[in-house]
Structures are given as C-alpha cells and as structure tokens.
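Engineer: Structure file final.pdb (PDB, C-alpha atoms) is given on the next line.
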ATOM      1  CA  MET A 355       0.000   0.000   0.000  1.00  0.00           C
ATOM      2  CA  GLU A 356       3.033   2.247  -0.311  1.00  0.00           C
ATOM      3  CA  TYR A 357       1.609   3.706  -3.532  1.00  0.00           C
ATOM      4  CA  LEU A 358      -1.244   5.117  -1.432  1.00  0.00           C
ATOM      5  CA  PHE A 359       0.433   6.284   1.754  1.00  0.00           C
ATOM      6  CA  GLY A 360       4.085   6.765   0.858  1.00  0.00           C
ATOM      7  CA  ASP A 361       6.264   6.693   3.959  1.00  0.00           C
ATOM      8  CA  LYS A 362       3.251   6.391   6.263  1.00  0.00           C
ATOM      9  CA  LYS A 363       2.966   3.003   7.908  1.00  0.00           C
ATOM     10  CA  ALA A 364       0.110   1.079   6.341  1.00  0.00           C
ATOM     11  CA  PHE A 365      -2.083  -1.179   8.446  1.00  0.00           C
ATOM     12  CA  PRO A 366      -0.393  -4.561   9.138  1.00  0.00           C
ATOM     13  CA  TYR A 367      -3.268  -6.591   7.678  1.00  0.00           C
ATOM     14  CA  PRO A 368      -5.241  -4.412   5.254  1.00  0.00           C
ATOM     15  CA  LYS A 369      -8.337  -6.019   3.745  1.00  0.00           C
ATOM     16  CA  PRO A 370      -7.807  -7.026   0.095  1.00  0.00           C
ATOM     17  CA  GLU A 371      -9.940  -4.963  -2.284  1.00  0.00           C
ATOM     18  CA  ASP A 372     -10.757  -8.136  -4.250  1.00  0.00           C
ATOM     19  CA  LEU A 373     -12.327  -9.685  -1.143  1.00  0.00           C
ATOM     20  CA  ILE A 374     -14.411  -6.620  -0.334  1.00  0.00           C
ATOM     21  CA  SER A 375     -15.412  -6.369  -3.976  1.00  0.00           C
ATOM     22  CA  ARG A 376     -16.707  -9.944  -3.939  1.00  0.00           C
ATOM     23  CA  ILE A 377     -18.694  -9.291  -0.754  1.00  0.00           C
ATOM     24  CA  LEU A 378     -20.278  -6.167  -2.228  1.00  0.00           C
ATOM     25  CA  GLU A 379     -21.116  -8.022  -5.444  1.00  0.00           C
ATOM     26  CA  LEU A 380     -22.992 -10.662  -3.443  1.00  0.00           C
ATOM     27  CA  ALA A 381     -24.661  -8.372  -0.900  1.00  0.00           C
ATOM     28  CA  SER A 382     -25.384  -5.122  -2.732  1.00  0.00           C
ATOM     29  CA  GLU A 383     -26.179  -3.478  -6.026  1.00  0.00           C
ATOM     30  CA  GLU A 384     -24.976  -0.287  -7.642  1.00  0.00           C
ATOM     31  CA  GLY A 385     -26.359   2.705  -5.772  1.00  0.00           C
ATOM     32  CA  ASP A 386     -26.871   0.798  -2.511  1.00  0.00           C
ATOM     33  CA  LEU A 387     -25.563   2.231   0.765  1.00  0.00           C
ATOM     34  CA  VAL A 388     -22.595   0.448   2.364  1.00  0.00           C
ATOM     35  CA  LEU A 389     -21.720   1.054   6.028  1.00  0.00           C
ATOM     36  CA  ASP A 390     -18.328   0.415   7.638  1.00  0.00           C
ATOM     37  CA  SER A 391     -18.387   1.480  11.281  1.00  0.00           C
ATOM     38  CA  PHE A 392     -14.651   0.759  11.728  1.00  0.00           C
ATOM     39  CA  LEU A 393     -13.227   2.198   8.535  1.00  0.00           C
ATOM     40  CA  GLY A 394      -9.568   1.520   9.329  1.00  0.00           C
ATOM     41  CA  SER A 395      -7.495   2.352   6.250  1.00  0.00           C
ATOM     42  CA  GLY A 396     -10.576   3.038   4.116  1.00  0.00           C
ATOM     43  CA  THR A 397     -10.655  -0.133   2.013  1.00  0.00           C
ATOM     44  CA  THR A 398     -14.436  -0.611   2.139  1.00  0.00           C
ATOM     45  CA  ALA A 399     -15.116   3.015   1.174  1.00  0.00           C
ATOM     46  CA  ALA A 400     -12.557   2.894  -1.631  1.00  0.00           C
ATOM     47  CA  VAL A 401     -14.028  -0.297  -3.085  1.00  0.00           C
ATOM     48  CA  ALA A 402     -17.612   0.938  -2.712  1.00  0.00           C
ATOM     49  CA  HIS A 403     -16.681   4.161  -4.502  1.00  0.00           C
ATOM     50  CA  LYS A 404     -15.074   2.331  -7.426  1.00  0.00           C
ATOM     51  CA  MET A 405     -18.101   0.003  -7.673  1.00  0.00           C
ATOM     52  CA  GLY A 406     -20.680   2.778  -7.753  1.00  0.00           C
ATOM     53  CA  ARG A 407     -22.022   2.202  -4.245  1.00  0.00           C
ATOM     54  CA  ARG A 408     -22.854   4.930  -1.817  1.00  0.00           C
ATOM     55  CA  TYR A 409     -21.084   4.565   1.517  1.00  0.00           C
ATOM     56  CA  ILE A 410     -20.725   5.750   5.109  1.00  0.00           C
ATOM     57  CA  GLY A 411     -17.432   5.186   6.906  1.00  0.00           C
ATOM     58  CA  ILE A 412     -16.888   5.888  10.584  1.00  0.00           C
ATOM     59  CA  GLU A 413     -13.458   6.197  12.167  1.00  0.00           C
ATOM     60  CA  MET A 414     -12.404   7.642  15.526  1.00  0.00           C
ATOM     61  CA  GLY A 415      -8.639   7.413  15.039  1.00  0.00           C
ATOM     62  CA  ASN A 416      -6.341  10.001  13.503  1.00  0.00           C
ATOM     63  CA  HIS A 417      -5.989   7.739  10.473  1.00  0.00           C
ATOM     64  CA  ALA A 418      -9.328   9.159   9.324  1.00  0.00           C
ATOM     65  CA  TYR A 419      -7.055  11.968   8.104  1.00  0.00           C
ATOM     66  CA  THR A 420      -3.765  10.177   7.486  1.00  0.00           C
ATOM     67  CA  HIS A 421      -5.189   7.132   5.690  1.00  0.00           C
ATOM     68  CA  CYS A 422      -8.931   7.213   4.888  1.00  0.00           C
ATOM     69  CA  LYS A 423      -9.016  10.727   3.467  1.00  0.00           C
ATOM     70  CA  VAL A 424      -5.716  10.296   1.645  1.00  0.00           C
ATOM     71  CA  ARG A 425      -6.922   7.068   0.083  1.00  0.00           C
ATOM     72  CA  LEU A 426     -10.300   8.397  -1.045  1.00  0.00           C
ATOM     73  CA  ASP A 427      -8.692  11.523  -2.485  1.00  0.00           C
ATOM     74  CA  LYS A 428      -6.450   9.300  -4.612  1.00  0.00           C
ATOM     75  CA  VAL A 429      -9.423   7.186  -5.700  1.00  0.00           C
ATOM     76  CA  ILE A 430     -11.270  10.330  -6.804  1.00  0.00           C
ATOM     77  CA  SER A 431      -8.262  11.853  -8.569  1.00  0.00           C
ATOM     78  CA  GLY A 432      -7.518   8.584 -10.369  1.00  0.00           C
ATOM     79  CA  GLU A 433      -4.108   8.188  -8.694  1.00  0.00           C
ATOM     80  CA  ASP A 434      -5.108   4.905  -7.027  1.00  0.00           C
ATOM     81  CA  LYS A 435      -3.921   2.260  -9.500  1.00  0.00           C
ATOM     82  CA  GLY A 436      -4.151  -0.766  -7.197  1.00  0.00           C
ATOM     83  CA  GLY A 437      -6.829  -3.094  -5.890  1.00  0.00           C
ATOM     84  CA  ILE A 438      -9.844  -3.443  -8.172  1.00  0.00           C
ATOM     85  CA  THR A 439      -9.060  -0.314 -10.178  1.00  0.00           C
ATOM     86  CA  LYS A 440      -8.173  -2.182 -13.363  1.00  0.00           C
ATOM     87  CA  ALA A 441     -10.983  -4.734 -13.019  1.00  0.00           C
ATOM     88  CA  GLN A 442     -13.554  -1.951 -12.612  1.00  0.00           C
ATOM     89  CA  ASN A 443     -11.895   0.206 -15.281  1.00  0.00           C
ATOM     90  CA  TRP A 444     -11.844   2.949 -12.672  1.00  0.00           C
ATOM     91  CA  GLN A 445     -10.595   6.273 -14.029  1.00  0.00           C
ATOM     92  CA  GLY A 446     -11.412   8.526 -11.076  1.00  0.00           C
ATOM     93  CA  GLY A 447     -14.241  10.947 -10.317  1.00  0.00           C
ATOM     94  CA  GLY A 448     -17.041  11.440  -7.843  1.00  0.00           C
ATOM     95  CA  GLY A 449     -16.626  12.849  -4.374  1.00  0.00           C
ATOM     96  CA  TYR A 450     -17.538  12.535  -0.718  1.00  0.00           C
ATOM     97  CA  ARG A 451     -18.373  14.599   2.329  1.00  0.00           C
ATOM     98  CA  PHE A 452     -16.098  14.509   5.359  1.00  0.00           C
ATOM     99  CA  TYR A 453     -17.721  15.327   8.712  1.00  0.00           C
ATOM    100  CA  GLU A 454     -16.291  15.758  12.176  1.00  0.00           C
ATOM    101  CA  LEU A 455     -18.497  14.865  15.138  1.00  0.00           C
ATOM    102  CA  ALA A 456     -18.826  17.682  17.627  1.00  0.00           C
ATOM    103  CA  PRO A 457     -18.173  17.449  21.355  1.00  0.00           C
ATOM    104  CA  THR A 458     -21.065  16.704  23.657  1.00  0.00           C
ATOM    105  CA  LEU A 459     -23.624  19.517  23.687  1.00  0.00           C
ATOM    106  CA  ILE A 460     -24.775  19.119  27.287  1.00  0.00           C
ATOM    107  CA  ASN A 461     -22.529  18.553  30.316  1.00  0.00           C
ATOM    108  CA  GLN A 462     -23.132  18.219  34.040  1.00  0.00           C
ATOM    109  CA  ASP A 463     -21.510  20.761  36.342  1.00  0.00           C
ATOM    110  CA  THR A 464     -20.087  20.109  39.833  1.00  0.00           C
ATOM    111  CA  PHE A 465     -23.601  20.347  41.289  1.00  0.00           C
ATOM    112  CA  ASP A 466     -24.932  17.747  38.807  1.00  0.00           C
ATOM    113  CA  GLU A 467     -26.875  20.423  36.969  1.00  0.00           C
ATOM    114  CA  TYR A 468     -27.142  20.133  33.180  1.00  0.00           C
ATOM    115  CA  VAL A 469     -25.306  22.985  31.459  1.00  0.00           C
ATOM    116  CA  ILE A 470     -24.312  23.940  27.923  1.00  0.00           C
ATOM    117  CA  ASN A 471     -20.831  22.879  26.874  1.00  0.00           C
ATOM    118  CA  GLU A 472     -18.556  25.933  26.801  1.00  0.00           C
ATOM    119  CA  ASP A 473     -16.951  24.659  23.578  1.00  0.00           C
ATOM    120  CA  TYR A 474     -20.025  25.902  21.680  1.00  0.00           C
ATOM    121  CA  ASP A 475     -20.209  29.486  20.485  1.00  0.00           C
ATOM    122  CA  ALA A 476     -23.584  31.116  19.827  1.00  0.00           C
ATOM    123  CA  ASP A 477     -23.842  30.046  16.177  1.00  0.00           C
ATOM    124  CA  MET A 478     -22.767  26.460  16.858  1.00  0.00           C
ATOM    125  CA  LEU A 479     -25.259  26.195  19.717  1.00  0.00           C
ATOM    126  CA  ALA A 480     -28.129  27.538  17.614  1.00  0.00           C
ATOM    127  CA  ALA A 481     -27.300  25.147  14.766  1.00  0.00           C
ATOM    128  CA  ALA A 482     -27.021  22.188  17.134  1.00  0.00           C
ATOM    129  CA  VAL A 483     -30.324  22.868  18.884  1.00  0.00           C
ATOM    130  CA  ALA A 484     -32.029  23.333  15.508  1.00  0.00           C
ATOM    131  CA  LEU A 485     -30.686  19.979  14.360  1.00  0.00           C
ATOM    132  CA  HIS A 486     -31.976  18.182  17.444  1.00  0.00           C
ATOM    133  CA  GLU A 487     -35.363  19.867  17.285  1.00  0.00           C
ATOM    134  CA  GLY A 488     -35.941  19.186  13.599  1.00  0.00           C
ATOM    135  CA  PHE A 489     -35.535  22.770  12.359  1.00  0.00           C
ATOM    136  CA  ALA A 490     -33.417  24.045   9.492  1.00  0.00           C
ATOM    137  CA  TYR A 491     -30.809  26.537  10.662  1.00  0.00           C
ATOM    138  CA  GLN A 492     -31.021  29.497   8.256  1.00  0.00           C
ATOM    139  CA  PRO A 493     -30.945  32.898  10.006  1.00  0.00           C
ATOM    140  CA  ASP A 494     -33.161  35.583   8.537  1.00  0.00           C
ATOM    141  CA  GLY A 495     -31.399  38.767   7.463  1.00  0.00           C
ATOM    142  CA  ASN A 496     -34.104  41.052   8.862  1.00  0.00           C
ATOM    143  CA  LEU A 497     -35.608  39.427  11.974  1.00  0.00           C
ATOM    144  CA  PHE A 498     -33.029  37.988  14.369  1.00  0.00           C
ATOM    145  CA  TRP A 499     -35.484  35.615  16.030  1.00  0.00           C
ATOM    146  CA  LYS A 500     -36.206  33.886  12.712  1.00  0.00           C
ATOM    147  CA  GLN A 501     -33.048  31.902  13.269  1.00  0.00           C
ATOM    148  CA  SER A 502     -34.236  28.430  12.278  1.00  0.00           C
ATOM    149  CA  VAL A 503     -37.232  27.420  10.201  1.00  0.00           C
ATOM    150  CA  GLY A 504     -39.682  24.586  10.744  1.00  0.00           C
ATOM    151  CA  ASN A 505     -42.993  23.775   9.094  1.00  0.00           C
ATOM    152  CA  GLU A 506     -46.075  25.955   8.635  1.00  0.00           C
ATOM    153  CA  ASN A 507     -44.645  29.314   9.751  1.00  0.00           C
ATOM    154  CA  SER A 508     -42.883  27.912  12.804  1.00  0.00           C
ATOM    155  CA  TYR A 509     -39.510  29.212  13.919  1.00  0.00           C
ATOM    156  CA  LEU A 510     -36.868  28.460  16.522  1.00  0.00           C
ATOM    157  CA  PHE A 511     -34.746  31.096  18.266  1.00  0.00           C
ATOM    158  CA  VAL A 512     -31.828  30.034  20.463  1.00  0.00           C
ATOM    159  CA  THR A 513     -30.190  32.497  22.833  1.00  0.00           C
ATOM    160  CA  THR A 514     -27.837  32.182  25.803  1.00  0.00           C
ATOM    161  CA  ARG A 515     -29.224  35.296  27.464  1.00  0.00           C
ATOM    162  CA  HIS A 516     -31.756  35.459  30.304  1.00  0.00           C
ATOM    163  CA  LEU A 517     -35.178  36.146  28.820  1.00  0.00           C
ATOM    164  CA  THR A 518     -37.188  39.023  30.289  1.00  0.00           C
ATOM    165  CA  ALA A 519     -40.760  40.208  29.682  1.00  0.00           C
ATOM    166  CA  ALA A 520     -39.553  43.346  27.877  1.00  0.00           C
ATOM    167  CA  TYR A 521     -37.357  41.311  25.532  1.00  0.00           C
ATOM    168  CA  LEU A 522     -40.175  38.854  24.845  1.00  0.00           C
ATOM    169  CA  ASP A 523     -42.619  41.682  24.121  1.00  0.00           C
ATOM    170  CA  SER A 524     -40.201  43.179  21.606  1.00  0.00           C
ATOM    171  CA  ILE A 525     -40.121  39.870  19.728  1.00  0.00           C
ATOM    172  CA  ARG A 526     -43.879  39.409  19.876  1.00  0.00           C
ATOM    173  CA  SER A 527     -44.464  42.873  18.404  1.00  0.00           C
ATOM    174  CA  THR A 528     -42.687  41.841  15.189  1.00  0.00           C
ATOM    175  CA  MET A 529     -44.536  38.535  14.731  1.00  0.00           C
ATOM    176  CA  GLU A 530     -47.299  38.232  12.160  1.00  0.00           C
ATOM    177  CA  GLU A 531     -50.583  36.428  12.582  1.00  0.00           C
ATOM    178  CA  GLY A 532     -50.212  32.674  12.145  1.00  0.00           C
ATOM    179  CA  GLU A 533     -46.535  32.579  13.064  1.00  0.00           C
ATOM    180  CA  TYR A 534     -45.383  30.283  15.850  1.00  0.00           C
ATOM    181  CA  LEU A 535     -42.100  30.602  17.732  1.00  0.00           C
ATOM    182  CA  ILE A 536     -40.093  28.398  20.081  1.00  0.00           C
ATOM    183  CA  ILE A 537     -37.472  30.203  22.137  1.00  0.00           C
ATOM    184  CA  ALA A 538     -34.700  28.128  23.686  1.00  0.00           C
ATOM    185  CA  CYS A 539     -32.820  30.146  26.273  1.00  0.00           C
ATOM    186  CA  ARG A 540     -30.486  29.687  29.218  1.00  0.00           C
ATOM    187  CA  SER A 541     -33.094  31.000  31.685  1.00  0.00           C
ATOM    188  CA  PHE A 542     -36.225  33.158  31.818  1.00  0.00           C
ATOM    189  CA  ASP A 543     -38.383  35.143  34.244  1.00  0.00           C
ATOM    190  CA  ALA A 544     -40.972  33.150  36.181  1.00  0.00           C
ATOM    191  CA  GLY A 545     -44.299  32.848  34.352  1.00  0.00           C
ATOM    192  CA  LEU A 546     -42.881  34.114  31.081  1.00  0.00           C
ATOM    193  CA  ASP A 547     -43.628  30.805  29.353  1.00  0.00           C
ATOM    194  CA  LYS A 548     -47.379  31.310  29.815  1.00  0.00           C
ATOM    195  CA  ILE A 549     -47.847  34.805  28.389  1.00  0.00           C
ATOM    196  CA  TYR A 550     -48.353  34.136  24.674  1.00  0.00           C
ATOM    197  CA  ASP A 551     -50.149  31.201  23.058  1.00  0.00           C
ATOM    198  CA  ASN A 552     -47.991  31.332  19.946  1.00  0.00           C
ATOM    199  CA  ILE A 553     -44.634  31.499  21.788  1.00  0.00           C
ATOM    200  CA  THR A 554     -43.178  28.513  23.642  1.00  0.00           C
ATOM    201  CA  ILE A 555     -40.222  29.083  25.928  1.00  0.00           C
ATOM    202  CA  LYS A 556     -37.878  26.323  27.071  1.00  0.00           C
ATOM    203  CA  LYS A 557     -34.548  26.085  28.837  1.00  0.00           C
ATOM    204  CA  ILE A 558     -31.909  24.732  26.482  1.00  0.00           C
ATOM    205  CA  PRO A 559     -30.524  21.815  28.562  1.00  0.00           C
ATOM    206  CA  GLN A 560     -33.915  20.459  29.566  1.00  0.00           C
ATOM    207  CA  MET A 561     -35.329  20.482  26.034  1.00  0.00           C
ATOM    208  CA  LEU A 562     -32.355  18.461  24.789  1.00  0.00           C
ATOM    209  CA  LEU A 563     -31.798  15.878  27.514  1.00  0.00           C
ATOM    210  CA  SER A 564     -33.918  13.199  25.872  1.00  0.00           C
ATOM    211  CA  ARG A 565     -32.409  13.808  22.429  1.00  0.00           C
ATOM    212  CA  CYS A 566     -28.663  14.148  22.784  1.00  0.00           C
ATOM    213  CA  GLU A 567     -25.780  12.438  24.481  1.00  0.00           C
ATOM    214  CA  PHE A 568     -23.873  14.161  27.243  1.00  0.00           C
ATOM    215  CA  GLY A 569     -20.911  13.557  29.483  1.00  0.00           C
ATOM    216  CA  LYS A 570     -18.848  12.124  26.614  1.00  0.00           C
ATOM    217  CA  THR A 571     -15.716  13.678  25.204  1.00  0.00           C
ATOM    218  CA  ASP A 572     -14.866  11.121  22.520  1.00  0.00           C
ATOM    219  CA  TYR A 573     -17.905  11.139  20.258  1.00  0.00           C
ATOM    220  CA  ASN A 574     -21.432  12.452  19.826  1.00  0.00           C
ATOM    221  CA  LEU A 575     -24.294  12.265  17.336  1.00  0.00           C
ATOM    222  CA  ASN A 576     -24.336  16.008  16.830  1.00  0.00           C
ATOM    223  CA  ILE A 577     -22.585  17.106  13.639  1.00  0.00           C
ATOM    224  CA  VAL A 578     -21.385  20.699  13.612  1.00  0.00           C
ATOM    225  CA  HIS A 579     -19.209  22.592  11.113  1.00  0.00           C
ATOM    226  CA  PRO A 580     -17.810  19.847   8.854  1.00  0.00           C
ATOM    227  CA  PRO A 581     -14.303  20.697   7.605  1.00  0.00           C
ATOM    228  CA  VAL A 582     -13.972  21.837   4.001  1.00  0.00           C
ATOM    229  CA  TYR A 583     -11.030  20.680   1.944  1.00  0.00           C
ATOM    230  CA  ASP A 584     -10.025  22.801  -1.028  1.00  0.00           C
ATOM    231  CA  GLU A 585      -9.007  19.848  -3.145  1.00  0.00           C
ATOM    232  CA  LEU A 586     -12.549  18.462  -3.217  1.00  0.00           C
ATOM    233  CA  ASP A 587     -15.099  19.755  -5.681  1.00  0.00           C
ATOM    234  CA  GLU A 588     -18.259  20.415  -3.639  1.00  0.00           C
ATOM    235  CA  GLU A 589     -20.418  20.084  -6.771  1.00  0.00           C
ATOM    236  CA  ASP A 590     -19.242  16.501  -7.143  1.00  0.00           C
ATOM    237  CA  CYS A 591     -19.654  15.584  -3.478  1.00  0.00           C
ATOM    238  CA  ASP A 592     -22.657  13.310  -3.629  1.00  0.00           C
ATOM    239  CA  GLU A 593     -21.544  10.363  -1.479  1.00  0.00           C
TER
END
Output the file's structure in the form of structure tokens.
Structural biologist:
Amino acid sequence: MEYLFGDKKAFPYPKPEDLISRILELASEEGDLVLDSFLGSGTTAAVAHKMGRRYIGIEMGNHAYTHCKVRLDKVISGEDKGGITKAQNWQGGGGYRFYELAPTLINQDTFDEYVINEDYDADMLAAAVALHEGFAYQPDGNLFWKQSVGNENSYLFVTTRHLTAAYLDSIRSTMEEGEYLIIACRSFDAGLDKIYDNITIKKIPQMLLSRCEFGKTDYNLNIVHPPVYDELDEEDCDE
C-alpha cells in the first residue's frame, strides 16, 4: 500500500480490495448504501466508490485523516492504480463529504446540573439545537429571532441570554398572525412561558436531555461545522 500512503505506515493486515469487492457483489447493487463502522485504512469506502455504491465510513482514530481521506482523495483523482481499479476500469471521479463529530452539547456541572458545553459558540449552539429539534438553521437577514425554520410558519430562536418580559414583548411585536415561535434560552423570568399562546419558551438543557448524548468527550451524534477541503469539488460531493 506504499503507492497510497508513501512513507506512512500502512495497516499490518489491510483487507484485500478483491475480497471486499466480492462481498459487495454478493450483498449489494450499484447505488446501494454500504456502512463500515470501523473504517480503518478506508478499504471498504474505496471499493464501494469504485463500484458505484454509496457509503458511510466511521473512524475515531487520527488515520481518518492520514489514511482514509488520503486514500479516497487518490481514488477520486484517479491516482489509485491498485486493488480493483483495473478490473472496474476505474478512471477517477465522484466525491464525498467529510464530517467531524462535535463534542457533547450538554454537560453536568459540579452540582450535577445540566449545562451547555462551553466549547459551543452562539452560532454552533443555535445550529445544534435546531438539528436536534428538527428545524433548518437558516438565520433571517431582517428578523433575528427567525433563526431556524420549521414547518407551517414555525420558527426556533436560540439564545444564551436570560429572557425578560420586555425582551419577549419586543419579539412578539414583530410577529405576524399565524406565526409560531419556540425560544430556547439559558433561563427566563418566572411565568414568562405562559404569556403568549404562539410562543413557547424552554430552557436549552432540559429540552435536549432526551435527544442528545452528554458527558462524553470522545464522540457524539451532533454534527457541527464539517471541515472543508479545497481539493474536493463540492459540486461533485454526492456520497
């Protein structure tokens, strides 16, 4: 595998592409989705790509960058001449998306209270909450509280500030008839969540406890800010 990784140490027992190819021929068809939850050096993804399969590869080690990404980039550019390349008449092309999994969104403090992870800035927090709540994060250029969009004129606004009656009234005054808003905040004045029928107010940690993992520093199901690599053509990234 030196032609792929150069001086980098390849895995001691890499899976042969011919073997993976045979498995995919028996168990899948072109366009099917192939999952490898321990991607290793990226063999399964490389073979799936050459065979016209869609794929998801998961890897926690640093070799996601040093091996998997390097290998797939060479497959796409046509530099990978080994494995099943000749048998598949693979010339290169296609693309993929590379995502990093964010740190846990909710932590517990020294008093066992659920708090927002300090690693999240305001934009990351808003995007993460929107993801968990089923909203599309797309801030409006005119109304700040139209931060994330749901269905049928529903919106989600996430803020780390303490919500007061005056602040809530200022938002309500700009809402049109038929619009519904959920506000996720760090804290709010007592009784504020019962003032308006079309505005629901929740504390951020509590609204997320049943939907996201917490207390973990190694992985999480919340994807935030995937890295962008200049060498990949985003228009071709469909796998």
Engineer: Between CA of Ala484 (chain A) and CA of Asn496 (chain A), what is the spacing in Å?
Structural biologist: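 Between these atoms lies a distance of 19.0 Å.
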Engineer: Which residues, written as a list in words, have at least one atom at most 10 Å from region 413-415 of chain A, with only C-alpha atoms counted and residues fewer than 5 positions away on the same chain left out?
Structural biologist: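 In the requested format, the answer is Asp390, Ser391, Phe392, Leu393, Gly394, Ser395, Gly396, Thr420, His421, Cys422, Glu454, Leu455, Asp572 and Tyr573 of chain A.
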Engineer: Could you work out an axis-aligned bounding box for all listed atoms of region 462-478 of chain A, with 8 Å added on each of the six sides, and give its centre and edge lengths in Å to one decimal, as lines of an AutoDock Vina configuration file?
Structural biologist:
center_x = -22.0
center_y = 24.4
center_z = 28.7
size_x = 26.2
size_y = 29.4
size_z = 41.1
Engineer: Nearest residue to Ser382 (chain A) out of A:Ala482, A:Met405, A:Met529, A:Val424, using only C-alpha atoms?
Structural biologist: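 Closest to Ser382 (chain A) of all the choices is A:Met405.
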Engineer: As a check of understanding, name the residues that the PyMOL selection byres ((chain A and resi 550) around 12) selects in the supplied structure, as an mmCIF file with C-alpha atoms, in the frame of the given file.
Structural biologist:
data_model
loop_
_atom_site.group_PDB
_atom_site.id
_atom_site.type_symbol
_atom_site.label_atom_id
_atom_site.label_comp_id
_atom_site.auth_asym_id
_atom_site.auth_seq_id
_atom_site.Cartn_x
_atom_site.Cartn_y
_atom_site.Cartn_z
ATOM 1 C CA ALA A 519 -40.760 40.208 29.682
ATOM 2 C CA LEU A 522 -40.175 38.854 24.845
ATOM 3 C CA ASP A 523 -42.619 41.682 24.121
ATOM 4 C CA ILE A 525 -40.121 39.870 19.728
ATOM 5 C CA ARG A 526 -43.879 39.409 19.876
ATOM 6 C CA SER A 527 -44.464 42.873 18.404
ATOM 7 C CA MET A 529 -44.536 38.535 14.731
ATOM 8 C CA GLU A 533 -46.535 32.579 13.064
ATOM 9 C CA TYR A 534 -45.383 30.283 15.850
ATOM 10 C CA LEU A 535 -42.100 30.602 17.732
ATOM 11 C CA ILE A 536 -40.093 28.398 20.081
ATOM 12 C CA ILE A 537 -37.472 30.203 22.137
ATOM 13 C CA GLY A 545 -44.299 32.848 34.352
ATOM 14 C CA LEU A 546 -42.881 34.114 31.081
ATOM 15 C CA ASP A 547 -43.628 30.805 29.353
ATOM 16 C CA LYS A 548 -47.379 31.310 29.815
ATOM 17 C CA ILE A 549 -47.847 34.805 28.389
ATOM 18 C CA ASP A 551 -50.149 31.201 23.058
ATOM 19 C CA ASN A 552 -47.991 31.332 19.946
ATOM 20 C CA ILE A 553 -44.634 31.499 21.788
ATOM 21 C CA THR A 554 -43.178 28.513 23.642
ATOM 22 C CA ILE A 555 -40.222 29.083 25.928
#
Engineer: Under the rule that all atoms listed in the file are counted, which of A:Glu531, A:Tyr468, A:Ala476, A:Lys556 is the nearest residue to Leu510 (chain A)?
Structural biologist: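 Of A:Glu531, A:Tyr468, A:Ala476, A:Lys556, the one nearest Leu510 (chain A) is A:Lys556, counting all atoms listed in the file.
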Engineer: If we count all atoms listed in the file, what is near Arg515 (chain A) at a cut-off of 8 Å, once residues fewer than 5 positions away on the same chain are taken out, given as a list in words?
Structural biologist: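 In the requested form, the answer reads Cys539, Arg540 and Ser541 of chain A.
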Engineer: Can you give me, as a PyMOL selection string, the residues this file yields under the PyMOL selection byres ((chain A and resi 503) around 10)?
Structural biologist: chain A and resi 484+488-494+500-502+504-511+535
Engineer: So the first atom is CA of His403 (chain A) and the second is CA of Lys440 (chain A); what is the distance between them in Å, to one decimal place?
Structural biologist: 13.8 Å
Engineer: Any idea what the distance is between CA of Thr518 (chain A) and CA of Leu563 (chain A)?
Structural biologist: 23.9 Å
